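This is my_file.pdb. It holds PDB, C-alpha atoms and all ligand atoms.
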ATOM      1  CA  MET A 797     -11.185 -12.954 -13.208
ATOM      2  CA  LYS A 798      -7.488 -12.941 -13.882
ATOM      3  CA  PRO A 799      -5.964 -15.506 -16.222
ATOM      4  CA  SER A 800      -3.725 -18.081 -14.541
ATOM      5  CA  ASP A 801       0.021 -17.567 -14.141
ATOM      6  CA  ALA A 802       0.710 -20.161 -16.804
ATOM      7  CA  GLU A 803      -1.456 -18.297 -19.307
ATOM      8  CA  THR A 804       0.218 -14.973 -18.668
ATOM      9  CA  ASP A 805       3.671 -16.269 -17.793
ATOM     10  CA  ARG A 806       4.165 -13.215 -15.625
ATOM     11  CA  LYS A 807       6.845 -13.164 -13.002
ATOM     12  CA  TYR A 808       5.526 -13.109  -9.484
ATOM     13  CA  VAL A 809       7.258 -11.049  -6.861
ATOM     14  CA  LEU A 810       5.397 -12.355  -3.840
ATOM     15  CA  ARG A 811       3.374 -15.537  -3.572
ATOM     16  CA  LEU A 812       0.925 -16.371  -0.794
ATOM     17  CA  ARG A 813       0.346 -20.074  -0.342
ATOM     18  CA  ASN A 814      -2.703 -20.866   1.793
ATOM     19  CA  VAL A 815      -1.975 -17.909   4.042
ATOM     20  CA  GLY A 816      -4.387 -17.448   6.930
ATOM     21  CA  VAL A 817      -4.361 -15.131   9.933
ATOM     22  CA  THR A 818      -6.254 -15.723  13.159
ATOM     23  CA  TYR A 819      -5.542 -13.186  15.874
ATOM     24  CA  SER A 820      -5.232 -14.140  19.496
ATOM     25  CA  GLY A 821      -8.759 -14.117  20.814
ATOM     26  CA  GLY A 822      -9.866 -16.133  17.812
ATOM     27  CA  VAL A 823     -10.677 -13.404  15.281
ATOM     28  CA  VAL A 824     -10.228 -14.871  11.813
ATOM     29  CA  ALA A 825      -8.935 -11.863   9.859
ATOM     30  CA  LEU A 826      -7.770 -13.712   6.734
ATOM     31  CA  ARG A 827      -9.031 -17.095   5.594
ATOM     32  CA  SER A 828      -6.699 -19.376   3.674
ATOM     33  CA  THR A 829      -5.579 -17.273   0.703
ATOM     34  CA  THR A 830      -3.478 -18.202  -2.297
ATOM     35  CA  LEU A 831      -2.438 -15.240  -4.390
ATOM     36  CA  ASP A 832       0.443 -13.938  -6.487
ATOM     37  CA  PHE A 833       1.596 -10.341  -6.764
ATOM     38  CA  PHE A 834       3.378  -9.513  -9.976
ATOM     39  CA  GLN A 835       6.288  -7.343 -10.959
ATOM     40  CA  ARG A 836       5.431  -3.703 -11.683
ATOM     41  CA  GLU A 837       1.745  -4.189 -10.938
ATOM     42  CA  PHE A 838      -0.205  -1.540  -8.999
ATOM     43  CA  SER A 839      -2.718  -3.568  -6.954
ATOM     44  CA  VAL A 840      -5.403  -2.135  -4.721
ATOM     45  CA  LEU A 841      -6.890  -4.068  -1.803
ATOM     46  CA  LEU A 842     -10.492  -2.891  -1.562
ATOM     47  CA  GLY A 843     -13.155  -3.668   1.014
ATOM     48  CA  LEU A 844     -15.265  -2.512   3.901
ATOM     49  CA  SER A 845     -13.768  -1.753   7.264
ATOM     50  CA  GLY A 846     -12.770  -5.012   8.967
ATOM     51  CA  ALA A 847     -12.646  -6.995   5.699
ATOM     52  CA  GLY A 848      -9.010  -7.917   6.285
ATOM     53  CA  LYS A 849      -7.115  -5.477   4.035
ATOM     54  CA  SER A 850      -4.558  -4.323   6.605
ATOM     55  CA  THR A 851      -4.051  -7.867   7.812
ATOM     56  CA  LEU A 852      -3.293  -9.088   4.300
ATOM     57  CA  LEU A 853      -1.076  -6.099   3.541
ATOM     58  CA  ARG A 854       0.904  -6.394   6.770
ATOM     59  CA  SER A 855       1.341 -10.118   6.400
ATOM     60  CA  LEU A 856       3.307  -9.422   3.216
ATOM     61  CA  ASN A 857       6.373  -8.486   5.229
ATOM     62  CA  LEU A 858       5.386 -10.455   8.334
ATOM     63  CA  LEU A 859       4.450  -7.379  10.362
ATOM     64  CA  VAL A 860       1.444  -9.627  10.988
ATOM     65  CA  LYS A 861       2.537 -13.240  11.238
ATOM     66  CA  PRO A 862       0.392 -15.713   9.302
ATOM     67  CA  THR A 863      -0.971 -18.494  11.485
ATOM     68  CA  SER A 864      -1.043 -20.848   8.492
ATOM     69  CA  GLY A 865       0.569 -21.082   5.076
ATOM     70  CA  GLU A 866       3.654 -19.321   3.796
ATOM     71  CA  ILE A 867       4.771 -16.294   1.851
ATOM     72  CA  VAL A 868       7.419 -16.677  -0.809
ATOM     73  CA  SER A 869       9.559 -13.889  -2.214
ATOM     74  CA  SER A 870      10.796 -14.615  -5.742
ATOM     75  CA  ASP A 871      14.151 -13.073  -4.770
ATOM     76  CA  PHE A 872      14.640 -14.348  -1.234
ATOM     77  CA  GLY A 873      12.544 -17.500  -0.850
ATOM     78  CA  VAL A 874      10.137 -18.395   1.938
ATOM     79  CA  LEU A 875       9.841 -15.565   4.471
ATOM     80  CA  GLY A 876      10.549 -16.693   7.991
ATOM     81  CA  PRO A 877      12.851 -15.955  10.887
ATOM     82  CA  THR A 878      15.909 -16.004   8.645
ATOM     83  CA  GLY A 879      18.015 -13.726   6.488
ATOM     84  CA  ALA A 880      15.330 -13.941   3.796
ATOM     85  CA  LEU A 881      12.971 -11.790   5.843
ATOM     86  CA  ARG A 882      15.624  -9.175   6.582
ATOM     87  CA  GLN A 883      16.541  -8.923   2.904
ATOM     88  CA  HIS A 884      12.892  -8.810   1.873
ATOM     89  CA  ARG A 885      12.120  -6.038   4.370
ATOM     90  CA  ARG A 886      15.039  -3.966   3.135
ATOM     91  CA  ARG A 887      13.560  -3.992  -0.375
ATOM     92  CA  THR A 888       9.956  -3.514   0.805
ATOM     93  CA  ALA A 889       9.013   0.046   1.698
ATOM     94  CA  LEU A 890       5.999   0.961   3.811
ATOM     95  CA  ILE A 891       3.720   3.961   3.508
ATOM     96  CA  PHE A 892       1.198   4.550   6.299
ATOM     97  CA  GLN A 893      -2.005   6.518   6.707
ATOM     98  CA  HIS A 894      -0.432   8.666   9.439
ATOM     99  CA  HIS A 895       2.949   8.929   7.699
ATOM    100  CA  GLN A 896       4.940   7.662  10.724
ATOM    101  CA  LEU A 897       7.409  10.506  10.294
ATOM    102  CA  ILE A 898       9.501  12.080  13.045
ATOM    103  CA  GLU A 899       7.693  15.411  13.270
ATOM    104  CA  ARG A 900      10.488  17.418  14.889
ATOM    105  CA  HIS A 901      13.006  16.387  12.258
ATOM    106  CA  THR A 902      13.400  17.898   8.807
ATOM    107  CA  ALA A 903      11.927  16.351   5.696
ATOM    108  CA  LEU A 904      15.448  15.420   4.605
ATOM    109  CA  ALA A 905      16.293  13.697   7.901
ATOM    110  CA  ASN A 906      13.092  11.679   7.609
ATOM    111  CA  VAL A 907      13.835  10.645   4.041
ATOM    112  CA  LEU A 908      17.339   9.603   5.083
ATOM    113  CA  THR A 909      15.831   7.072   7.497
ATOM    114  CA  GLY A 910      14.861   5.141   4.373
ATOM    115  CA  ARG A 911      18.571   4.356   4.010
ATOM    116  CA  LEU A 912      19.089   2.914   7.495
ATOM    117  CA  GLY A 913      18.332  -0.648   6.427
ATOM    118  CA  TYR A 914      21.446  -0.509   4.243
ATOM    119  CA  HIS A 915      23.787   0.202   7.155
ATOM    120  CA  ASN A 916      24.643  -1.586  10.348
ATOM    121  CA  THR A 917      23.409  -0.191  13.659
ATOM    122  CA  LEU A 918      26.707   1.466  14.547
ATOM    123  CA  ARG A 919      26.965   3.228  11.190
ATOM    124  CA  SER A 920      23.519   4.765  11.654
ATOM    125  CA  PHE A 921      24.803   6.833  14.633
ATOM    126  CA  PHE A 922      27.122   8.714  12.284
ATOM    127  CA  PRO A 923      26.303  10.917   9.316
ATOM    128  CA  LEU A 924      25.253   8.726   6.426
ATOM    129  CA  PRO A 925      27.411   8.713   3.294
ATOM    130  CA  ARG A 926      27.171  11.569   0.836
ATOM    131  CA  ALA A 927      25.623   9.249  -1.754
ATOM    132  CA  ASP A 928      22.695   8.659   0.647
ATOM    133  CA  LEU A 929      22.269  12.405   1.106
ATOM    134  CA  GLU A 930      22.215  12.967  -2.633
ATOM    135  CA  LEU A 931      19.721  10.152  -3.115
ATOM    136  CA  ALA A 932      17.443  11.546  -0.383
ATOM    137  CA  LEU A 933      17.523  15.016  -1.953
ATOM    138  CA  HIS A 934      16.741  13.508  -5.337
ATOM    139  CA  CYS A 935      13.760  11.641  -3.844
ATOM    140  CA  LEU A 936      12.443  14.865  -2.306
ATOM    141  CA  GLU A 937      12.837  16.533  -5.693
ATOM    142  CA  ARG A 938      10.820  13.747  -7.331
ATOM    143  CA  VAL A 939       7.898  14.303  -4.981
ATOM    144  CA  GLY A 940       8.022  18.077  -5.535
ATOM    145  CA  LEU A 941       9.485  19.007  -2.149
ATOM    146  CA  ALA A 942      13.060  20.000  -2.963
ATOM    147  CA  ASP A 943      12.437  23.427  -1.426
ATOM    148  CA  LYS A 944      11.153  21.880   1.826
ATOM    149  CA  SER A 945      14.083  19.592   2.493
ATOM    150  CA  MET A 946      15.234  21.582   5.553
ATOM    151  CA  THR A 947      11.694  22.253   6.847
ATOM    152  CA  ARG A 948      10.576  20.439   9.979
ATOM    153  CA  VAL A 949       7.862  17.913   9.225
ATOM    154  CA  ASP A 950       5.510  19.427  11.817
ATOM    155  CA  GLN A 951       5.410  22.540   9.619
ATOM    156  CA  LEU A 952       4.177  20.643   6.560
ATOM    157  CA  SER A 953       0.609  20.015   5.402
ATOM    158  CA  GLY A 954      -0.920  16.523   5.452
ATOM    159  CA  GLY A 955      -0.355  16.115   1.714
ATOM    160  CA  GLN A 956       3.252  17.298   1.996
ATOM    161  CA  LYS A 957       3.856  14.861   4.858
ATOM    162  CA  GLN A 958       2.586  12.010   2.715
ATOM    163  CA  ARG A 959       4.938  13.168  -0.074
ATOM    164  CA  VAL A 960       7.790  12.926   2.434
ATOM    165  CA  GLY A 961       6.514   9.416   3.235
ATOM    166  CA  ILE A 962       6.705   8.537  -0.466
ATOM    167  CA  ALA A 963      10.195  10.076  -0.755
ATOM    168  CA  ARG A 964      11.337   8.037   2.248
ATOM    169  CA  ALA A 965       9.948   4.904   0.621
ATOM    170  CA  LEU A 966      11.798   5.713  -2.629
ATOM    171  CA  ALA A 967      15.049   6.347  -0.754
ATOM    172  CA  GLN A 968      14.863   2.724   0.326
ATOM    173  CA  GLN A 969      15.176   1.799  -3.379
ATOM    174  CA  PRO A 970      12.459  -0.812  -2.950
ATOM    175  CA  ASN A 971      11.137  -3.345  -5.394
ATOM    176  CA  ILE A 972       7.850  -3.465  -3.450
ATOM    177  CA  ILE A 973       5.842  -0.699  -1.778
ATOM    178  CA  LEU A 974       3.100  -1.597   0.700
ATOM    179  CA  ALA A 975       0.809   1.372   1.345
ATOM    180  CA  ASP A 976      -1.827   1.011   4.058
ATOM    181  CA  GLU A 977      -4.636   3.551   3.518
ATOM    182  CA  PRO A 978      -2.193   6.193   2.288
ATOM    183  CA  VAL A 979      -4.884   8.797   1.579
ATOM    184  CA  ALA A 980      -7.424   8.065   4.314
ATOM    185  CA  SER A 981      -6.524  11.263   6.187
ATOM    186  CA  LEU A 982      -6.417  13.548   3.151
ATOM    187  CA  ASP A 983      -9.019  15.645   1.342
ATOM    188  CA  PRO A 984     -10.177  14.396  -2.086
ATOM    189  CA  ALA A 985      -8.073  16.760  -4.207
ATOM    190  CA  THR A 986      -4.905  15.971  -2.243
ATOM    191  CA  SER A 987      -5.736  12.251  -2.257
ATOM    192  CA  GLU A 988      -5.879  12.215  -6.044
ATOM    193  CA  LYS A 989      -2.535  14.000  -6.339
ATOM    194  CA  ILE A 990      -0.895  11.613  -3.868
ATOM    195  CA  LEU A 991      -2.234   8.511  -5.637
ATOM    196  CA  GLU A 992      -1.201   9.923  -9.011
ATOM    197  CA  LEU A 993       2.285  10.571  -7.665
ATOM    198  CA  LEU A 994       2.530   7.140  -6.034
ATOM    199  CA  ARG A 995       1.442   5.389  -9.210
ATOM    200  CA  GLN A 996       3.786   7.486 -11.344
ATOM    201  CA  VAL A 997       6.917   6.841  -9.275
ATOM    202  CA  CYS A 998       6.129   3.135  -9.003
ATOM    203  CA  LYS A 999       5.723   2.868 -12.759
ATOM    204  CA  GLU A1000       8.899   4.864 -13.399
ATOM    205  CA  ASP A1001      10.956   2.658 -11.078
ATOM    206  CA  GLY A1002       9.265  -0.684 -11.889
ATOM    207  CA  ILE A1003       8.074  -1.048  -8.291
ATOM    208  CA  THR A1004       5.318  -3.511  -7.384
ATOM    209  CA  ALA A1005       2.735  -1.558  -5.354
ATOM    210  CA  ILE A1006       0.089  -3.028  -3.073
ATOM    211  CA  VAL A1007      -2.168  -0.343  -1.704
ATOM    212  CA  SER A1008      -5.166  -0.676   0.584
ATOM    213  CA  LEU A1009      -7.892   1.842  -0.135
ATOM    214  CA  HIS A1010     -11.420   2.517   0.994
ATOM    215  CA  GLN A1011     -12.565   4.416  -2.055
ATOM    216  CA  LEU A1012     -13.906   2.447  -5.000
ATOM    217  CA  GLU A1013     -13.497   5.434  -7.302
ATOM    218  CA  TYR A1014      -9.778   5.704  -6.607
ATOM    219  CA  ALA A1015      -9.321   1.952  -6.952
ATOM    220  CA  GLN A1016     -10.990   2.002 -10.356
ATOM    221  CA  ARG A1017      -8.966   4.982 -11.470
ATOM    222  CA  PHE A1018      -5.486   4.091 -10.284
ATOM    223  CA  ALA A1019      -5.269   0.291  -9.956
ATOM    224  CA  ASP A1020      -4.019  -2.167 -12.566
ATOM    225  CA  ARG A1021      -5.697  -4.829 -10.464
ATOM    226  CA  ILE A1022      -8.315  -4.757  -7.721
ATOM    227  CA  ILE A1023      -8.385  -7.414  -5.025
ATOM    228  CA  GLY A1024     -11.734  -7.182  -3.253
ATOM    229  CA  LEU A1025     -11.981  -8.509   0.288
ATOM    230  CA  ALA A1026     -15.038  -9.287   2.382
ATOM    231  CA  GLY A1027     -15.318 -11.276   5.591
ATOM    232  CA  ALA A1028     -11.620 -12.248   5.523
ATOM    233  CA  HIS A1029     -11.923 -13.690   1.974
ATOM    234  CA  VAL A1030     -10.757 -12.536  -1.436
ATOM    235  CA  VAL A1031     -14.076 -12.172  -3.267
ATOM    236  CA  PHE A1032     -12.826 -10.433  -6.412
ATOM    237  CA  ASP A1033      -9.500 -10.387  -8.218
ATOM    238  CA  GLY A1034      -9.351  -8.678 -11.559
ATOM    239  CA  ALA A1035      -8.855  -5.542 -13.611
ATOM    240  CA  PRO A1036     -10.920  -2.489 -12.656
ATOM    241  CA  ASP A1037     -13.090  -2.783 -15.770
ATOM    242  CA  GLU A1038     -13.960  -6.389 -14.839
ATOM    243  CA  LEU A1039     -15.654  -5.299 -11.616
ATOM    244  CA  ASN A1040     -19.388  -5.738 -12.235
ATOM    245  CA  ASP A1041     -22.447  -5.246 -10.035
ATOM    246  CA  ASP A1042     -22.226  -8.771  -8.614
ATOM    247  CA  ASN A1043     -18.575  -8.293  -7.658
ATOM    248  CA  PHE A1044     -19.480  -4.955  -6.115
ATOM    249  CA  ALA A1045     -22.214  -6.650  -4.071
ATOM    250  CA  ALA A1046     -19.781  -9.349  -2.952
ATOM    251  CA  ILE A1047     -17.281  -6.766  -1.745
ATOM    252  CA  TYR A1048     -19.861  -4.478  -0.166
ATOM    253  CA  ALA A1049     -21.896  -6.950   1.876
ATOM    254  CA  GLY A1050     -24.646  -7.625  -0.593
ATOM    255  CA  HIS A1051     -25.421  -4.028  -1.426
ATOM    256  CA  ARG A1052     -25.929  -3.135  -5.042
ATOM    257  CA  ARG A1053     -24.258  -0.397  -6.994
ATOM    258  CA  GLU A1054     -27.530   1.364  -7.802
ATOM    259  CA  PRO A1055     -28.180   4.528  -5.773
ATOM    260  CA  ILE A1056     -30.604   3.903  -2.926
ATOM    261  CA  ALA A1057     -31.912   7.371  -2.343
ATOM    262  CA  PRO A1058     -34.518   7.334   0.449
ATOM    263  CA  SER A1059     -32.841   4.923   2.879
ATOM    264  CA  ARG A1060     -29.193   5.329   2.015
ATOM    265  CA  THR A1061     -28.116   6.054   5.578
ATOM    266  CA  SER A1062     -29.217   2.565   6.586
ATOM    267  CA  ASN A1063     -27.190   1.043   3.775
ATOM    268  CA  PRO A1064     -23.623   0.191   4.797
ATOM    269  CA  ALA A1065     -22.505   0.878   1.253
ATOM    270  CA  TYR A1066     -23.129   4.555   2.040
ATOM    271  CA  ALA A1067     -22.759   4.629   5.795
ATOM    272  CA  GLN A1068     -19.229   3.210   5.968
ATOM    273  CA  PRO A1069     -16.251   5.571   5.881
ATOM    274  CA  PRO A1070     -14.994   4.134   2.565
ATOM    275  CA  PHE A1071     -17.777   5.850   0.741
ATOM    276  CA  THR A1072     -17.021   9.431  -0.122
ATOM    277  CA  PRO A1073     -19.101  12.026  -1.982
ATOM    278  CA  GLU A1074     -16.875  11.517  -5.045
ATOM    279  CA  MET A1075     -17.619   7.820  -4.992
ATOM    280  CA  GLU A1076     -21.356   8.418  -4.752
ATOM    281  CA  MET A1077     -21.104  10.545  -7.874
ATOM    282  CA  SER A1078     -19.448   7.679  -9.682
ATOM    283  CA  LEU A1079     -22.108   5.136  -8.762
TER     284      LEU A1079
HETATM  285  N1  LIG A1101      -4.273  -7.040  16.441
HETATM  286  C1  LIG A1101      -5.510  -7.553  16.317
HETATM  287  N2  LIG A1101      -6.012  -8.384  17.248
HETATM  288  C2  LIG A1101      -7.246  -8.911  17.123
HETATM  289  N3  LIG A1101      -8.077  -8.665  16.087
HETATM  290  C3  LIG A1101      -7.629  -7.822  15.130
HETATM  291  C4  LIG A1101      -6.339  -7.225  15.193
HETATM  292  N4  LIG A1101      -6.170  -6.443  14.091
HETATM  293  C5  LIG A1101      -7.310  -6.551  13.375
HETATM  294  N5  LIG A1101      -8.190  -7.369  13.995
HETATM  295  C6  LIG A1101      -9.511  -7.773  13.505
HETATM  296  O1  LIG A1101      -9.303  -8.469  12.284
HETATM  297  C7  LIG A1101     -10.320  -8.137  11.346
HETATM  298  C8  LIG A1101      -9.683  -7.567  10.084
HETATM  299  O2  LIG A1101      -9.067  -6.341  10.422
HETATM  300  P1  LIG A1101      -8.227  -5.477   9.379
HETATM  301  O3  LIG A1101      -7.646  -4.318  10.123
HETATM  302  O4  LIG A1101      -7.311  -6.360   8.636
HETATM  303  O5  LIG A1101      -9.379  -4.988   8.374
HETATM  304  P2  LIG A1101      -9.364  -3.789   7.328
HETATM  305  O6  LIG A1101     -10.110  -4.251   6.143
HETATM  306  O7  LIG A1101      -7.975  -3.307   7.111
HETATM  307  O8  LIG A1101     -10.201  -2.685   8.101
HETATM  308  P3  LIG A1101      -9.994  -1.067   8.078
HETATM  309  O9  LIG A1101     -10.343  -0.617   6.710
HETATM  310  O10 LIG A1101     -10.979  -0.598   9.124
HETATM  311  O11 LIG A1101      -8.575  -0.800   8.458
HETATM  312  C9  LIG A1101     -11.255  -7.178  12.054
HETATM  313  O12 LIG A1101     -12.316  -7.933  12.589
HETATM  314  C10 LIG A1101     -10.401  -6.608  13.156
HETATM  315  O13 LIG A1101     -11.189  -6.211  14.249
END
Could you write out this file's structure as structure tokens?
Amino acid sequence: MKPSDAETDRKYVLRLRNVGVTYSGGVVALRSTTLDFFQREFSVLLGLSGAGKSTLLRSLNLLVKPTSGEIVSSDFGVLGPTGALRQHRRRTALIFQHHQLIERHTALANVLTGRLGYHNTLRSFFPLPRADLELALHCLERVGLADKSMTRVDQLSGGQKQRVGIARALAQQPNIILADEPVASLDPATSEKILELLRQVCKEDGITAIVSLHQLEYAQRFADRIIGLAGAHVVFDGAPDELNDDNFAAIYAGHRREPIAPSRTSNPAYAQPPFTPEMEMSL
């Protein structure tokens, strides 16, 4: 498990204090959780479907409102219905599984939307300043899409669309990126490239990344820290090389890491979408 804050003296960026989420209808999606996210760290939220990953991730900018506890930004204080939340959201970029791009607009126009939080509503009806345009082009260049800047998004591949999503996030000049299943719709080769790119740009810019992923193999390969969730609880929090068979079993509903050849289809560790052929090879 991770050493305490006092031992490491690391600077937290976001702090959850006893944060819990119960949806209307009574579904407990996140039990009381106390957790710090640290500057420049690339954290992966890992767990089976329904474990609570998206709920935790979305609570970090109050897209999902905690029903108990509070979230503290080191820069802006306790997040609530105040200026602190607006400021926090401006510096927190989101990357989604389905990109959430405007398909009929160009890649450049989509990346420019990353700048809207820096302007008032009226200003956003007019062409954005030249500096924003230059920044957006630079972001597209960083994700390898300079030559596609004037291409409509609906003419791009899934991997290229996710690169546009990353460029849009970078254009926001964030100090935090929240990425909810950013590679769930992509093939394995493209997924690896996207995660490599995401990790690289976050490291280059000192961005704190919190990424929910299904695939254990990717979590082990790209994360500085894995936060394993099961049944609305954090059941593991540590470096990838600290994840042992018991932790694996805790995250994956009691199933062991060993291959279970004859009856694997009845084993949720294999039957659930998180488990890909690449992951099986790594087990
Ligand atoms: N808006 C909602 N209203 C009610 N229940 C919800 C809502 N969103 C999620 N849930 C429930 O909360 C629990 C946690 O869901 P969540 O989406 O956070 O899990 P997850 O680990 O991200 O799953 P997945 O990998 O499938 O996205 C699940 O039981 C889910 O059905």
Nearby polymer residues, ligand LIG 1101 (chain A), at most 12 Å, all atoms listed in the file, as a compact mmCIF listing (two decimals) with C-alpha atoms, in the coordinates of the input:
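File selection21.txt, as written:
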# COMPACT_ATOMS: atom_id res chain seq x y z
CA GLY A 816 -4.39 -17.45 6.93
CA VAL A 817 -4.36 -15.13 9.93
CA THR A 818 -6.25 -15.72 13.16
CA TYR A 819 -5.54 -13.19 15.87
CA SER A 820 -5.23 -14.14 19.50
CA GLY A 821 -8.76 -14.12 20.81
CA GLY A 822 -9.87 -16.13 17.81
CA VAL A 823 -10.68 -13.40 15.28
CA VAL A 824 -10.23 -14.87 11.81
CA ALA A 825 -8.94 -11.86 9.86
CA LEU A 826 -7.77 -13.71 6.73
CA ARG A 827 -9.03 -17.10 5.59
CA LEU A 841 -6.89 -4.07 -1.80
CA LEU A 842 -10.49 -2.89 -1.56
CA GLY A 843 -13.16 -3.67 1.01
CA LEU A 844 -15.26 -2.51 3.90
CA SER A 845 -13.77 -1.75 7.26
CA GLY A 846 -12.77 -5.01 8.97
CA ALA A 847 -12.65 -7.00 5.70
CA GLY A 848 -9.01 -7.92 6.28
CA LYS A 849 -7.12 -5.48 4.04
CA SER A 850 -4.56 -4.32 6.60
CA THR A 851 -4.05 -7.87 7.81
CA LEU A 852 -3.29 -9.09 4.30
CA LEU A 853 -1.08 -6.10 3.54
CA ARG A 854 0.90 -6.39 6.77
CA SER A 855 1.34 -10.12 6.40
CA LEU A 859 4.45 -7.38 10.36
CA VAL A 860 1.44 -9.63 10.99
CA LYS A 861 2.54 -13.24 11.24
CA PHE A 892 1.20 4.55 6.30
CA GLN A 893 -2.00 6.52 6.71
CA ALA A 975 0.81 1.37 1.34
CA ASP A 976 -1.83 1.01 4.06
CA GLU A 977 -4.64 3.55 3.52
CA PRO A 978 -2.19 6.19 2.29
CA ALA A 980 -7.42 8.06 4.31
CA VAL A 1007 -2.17 -0.34 -1.70
CA SER A 1008 -5.17 -0.68 0.58
CA LEU A 1009 -7.89 1.84 -0.14
CA HIS A 1010 -11.42 2.52 0.99
CA GLN A 1011 -12.56 4.42 -2.06
CA ILE A 1023 -8.38 -7.41 -5.03
CA GLY A 1024 -11.73 -7.18 -3.25
CA LEU A 1025 -11.98 -8.51 0.29
CA ALA A 1026 -15.04 -9.29 2.38
CA GLY A 1027 -15.32 -11.28 5.59
CA ALA A 1028 -11.62 -12.25 5.52
CA HIS A 1029 -11.92 -13.69 1.97
CA VAL A 1030 -10.76 -12.54 -1.44
CA ILE A 1047 -17.28 -6.77 -1.74
CA TYR A 1048 -19.86 -4.48 -0.17
CA GLN A 1068 -19.23 3.21 5.97
CA PRO A 1069 -16.25 5.57 5.88
CA PRO A 1070 -14.99 4.13 2.56
CA PHE A 1071 -17.78 5.85 0.74
Excluding Ser987 in chain A and its own-chain neighbours fewer than 6 positions away, which residues fall within 10 Å of it when counting only C-alpha atoms? Please give them as a PyMOL selection string.
chain A and resi 955+958+978-981+993+1014
Atoms kept (C-alpha atoms) for selection, written as a PDB file, in the coordinates of the input:
ATOM      1  CA  GLY A 955      -0.355  16.115   1.714  1.00  0.00           C
ATOM      2  CA  GLN A 958       2.586  12.010   2.715  1.00  0.00           C
ATOM      3  CA  PRO A 978      -2.193   6.193   2.288  1.00  0.00           C
ATOM      4  CA  VAL A 979      -4.884   8.797   1.579  1.00  0.00           C
ATOM      5  CA  ALA A 980      -7.424   8.065   4.314  1.00  0.00           C
ATOM      6  CA  SER A 981      -6.524  11.263   6.187  1.00  0.00           C
ATOM      7  CA  LEU A 993       2.285  10.571  -7.665  1.00  0.00           C
ATOM      8  CA  TYR A1014      -9.778   5.704  -6.607  1.00  0.00           C
TER       9      TYR A1014
END
Translate the PyMOL selection byres (((chain A and resi 969) around 9) and not hetatm), as applied to the file shown, into an explicit residue set as a list in words.
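Selected by the PyMOL selection byres (((chain A and resi 969) around 9) and not hetatm) here: Arg886, Arg887, Thr888, Ala889, Gly910, Arg911, Ala965, Leu966, Ala967, Gln968, Pro970, Asn971 and Asp1001 of chain A.
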Give me a file of those residues, with C-alpha atoms, as a PDB file, in the coordinates of the input.
ATOM      1  CA  ARG A 886      15.039  -3.966   3.135  1.00  0.00           C
ATOM      2  CA  ARG A 887      13.560  -3.992  -0.375  1.00  0.00           C
ATOM      3  CA  THR A 888       9.956  -3.514   0.805  1.00  0.00           C
ATOM      4  CA  ALA A 889       9.013   0.046   1.698  1.00  0.00           C
ATOM      5  CA  GLY A 910      14.861   5.141   4.373  1.00  0.00           C
ATOM      6  CA  ARG A 911      18.571   4.356   4.010  1.00  0.00           C
ATOM      7  CA  ALA A 965       9.948   4.904   0.621  1.00  0.00           C
ATOM      8  CA  LEU A 966      11.798   5.713  -2.629  1.00  0.00           C
ATOM      9  CA  ALA A 967      15.049   6.347  -0.754  1.00  0.00           C
ATOM     10  CA  GLN A 968      14.863   2.724   0.326  1.00  0.00           C
ATOM     11  CA  PRO A 970      12.459  -0.812  -2.950  1.00  0.00           C
ATOM     12  CA  ASN A 971      11.137  -3.345  -5.394  1.00  0.00           C
ATOM     13  CA  ASP A1001      10.956   2.658 -11.078  1.00  0.00           C
TER      14      ASP A1001
END
Since I can't run it myself right now, could you work out what the PyMOL selection byres (((chain A and resi 807-815) around 9) and not hetatm) selects here and report it as a tab-separated table (two decimals) with C-alpha atoms, in the coordinates of the input?
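Final output, saved to expr_23.tsv:
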chain	number	residue	atom	x	y	z
A	801	ASP	CA	0.02	-17.57	-14.14
A	804	THR	CA	0.22	-14.97	-18.67
A	805	ASP	CA	3.67	-16.27	-17.79
A	806	ARG	CA	4.16	-13.22	-15.62
A	816	GLY	CA	-4.39	-17.45	6.93
A	817	VAL	CA	-4.36	-15.13	9.93
A	826	LEU	CA	-7.77	-13.71	6.73
A	827	ARG	CA	-9.03	-17.10	5.59
A	828	SER	CA	-6.70	-19.38	3.67
A	829	THR	CA	-5.58	-17.27	0.70
A	830	THR	CA	-3.48	-18.20	-2.30
A	831	LEU	CA	-2.44	-15.24	-4.39
A	832	ASP	CA	0.44	-13.94	-6.49
A	833	PHE	CA	1.60	-10.34	-6.76
A	834	PHE	CA	3.38	-9.51	-9.98
A	835	GLN	CA	6.29	-7.34	-10.96
A	836	ARG	CA	5.43	-3.70	-11.68
A	852	LEU	CA	-3.29	-9.09	4.30
A	855	SER	CA	1.34	-10.12	6.40
A	856	LEU	CA	3.31	-9.42	3.22
A	862	PRO	CA	0.39	-15.71	9.30
A	863	THR	CA	-0.97	-18.49	11.48
A	864	SER	CA	-1.04	-20.85	8.49
A	865	GLY	CA	0.57	-21.08	5.08
A	866	GLU	CA	3.65	-19.32	3.80
A	867	ILE	CA	4.77	-16.29	1.85
A	868	VAL	CA	7.42	-16.68	-0.81
A	869	SER	CA	9.56	-13.89	-2.21
A	870	SER	CA	10.80	-14.62	-5.74
A	871	ASP	CA	14.15	-13.07	-4.77
A	971	ASN	CA	11.14	-3.34	-5.39
A	972	ILE	CA	7.85	-3.46	-3.45
A	1004	THR	CA	5.32	-3.51	-7.38
So the first atom is CA of Asn1040 in chain A and the second is CA of Phe1018 in chain A; what is the distance between them in Å, to one decimal place?
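CA of Phe1018 in chain A lies at a distance of 17.1 Å from CA of Asn1040 in chain A.
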3 Å per side around range 957-961 of chain A: axis-aligned box centre and edge lengths, as lines of an AutoDock Vina configuration file:
center_x = 5.2
center_y = 12.1
center_z = 2.4
size_x = 11.2
size_y = 11.4
size_z = 10.9
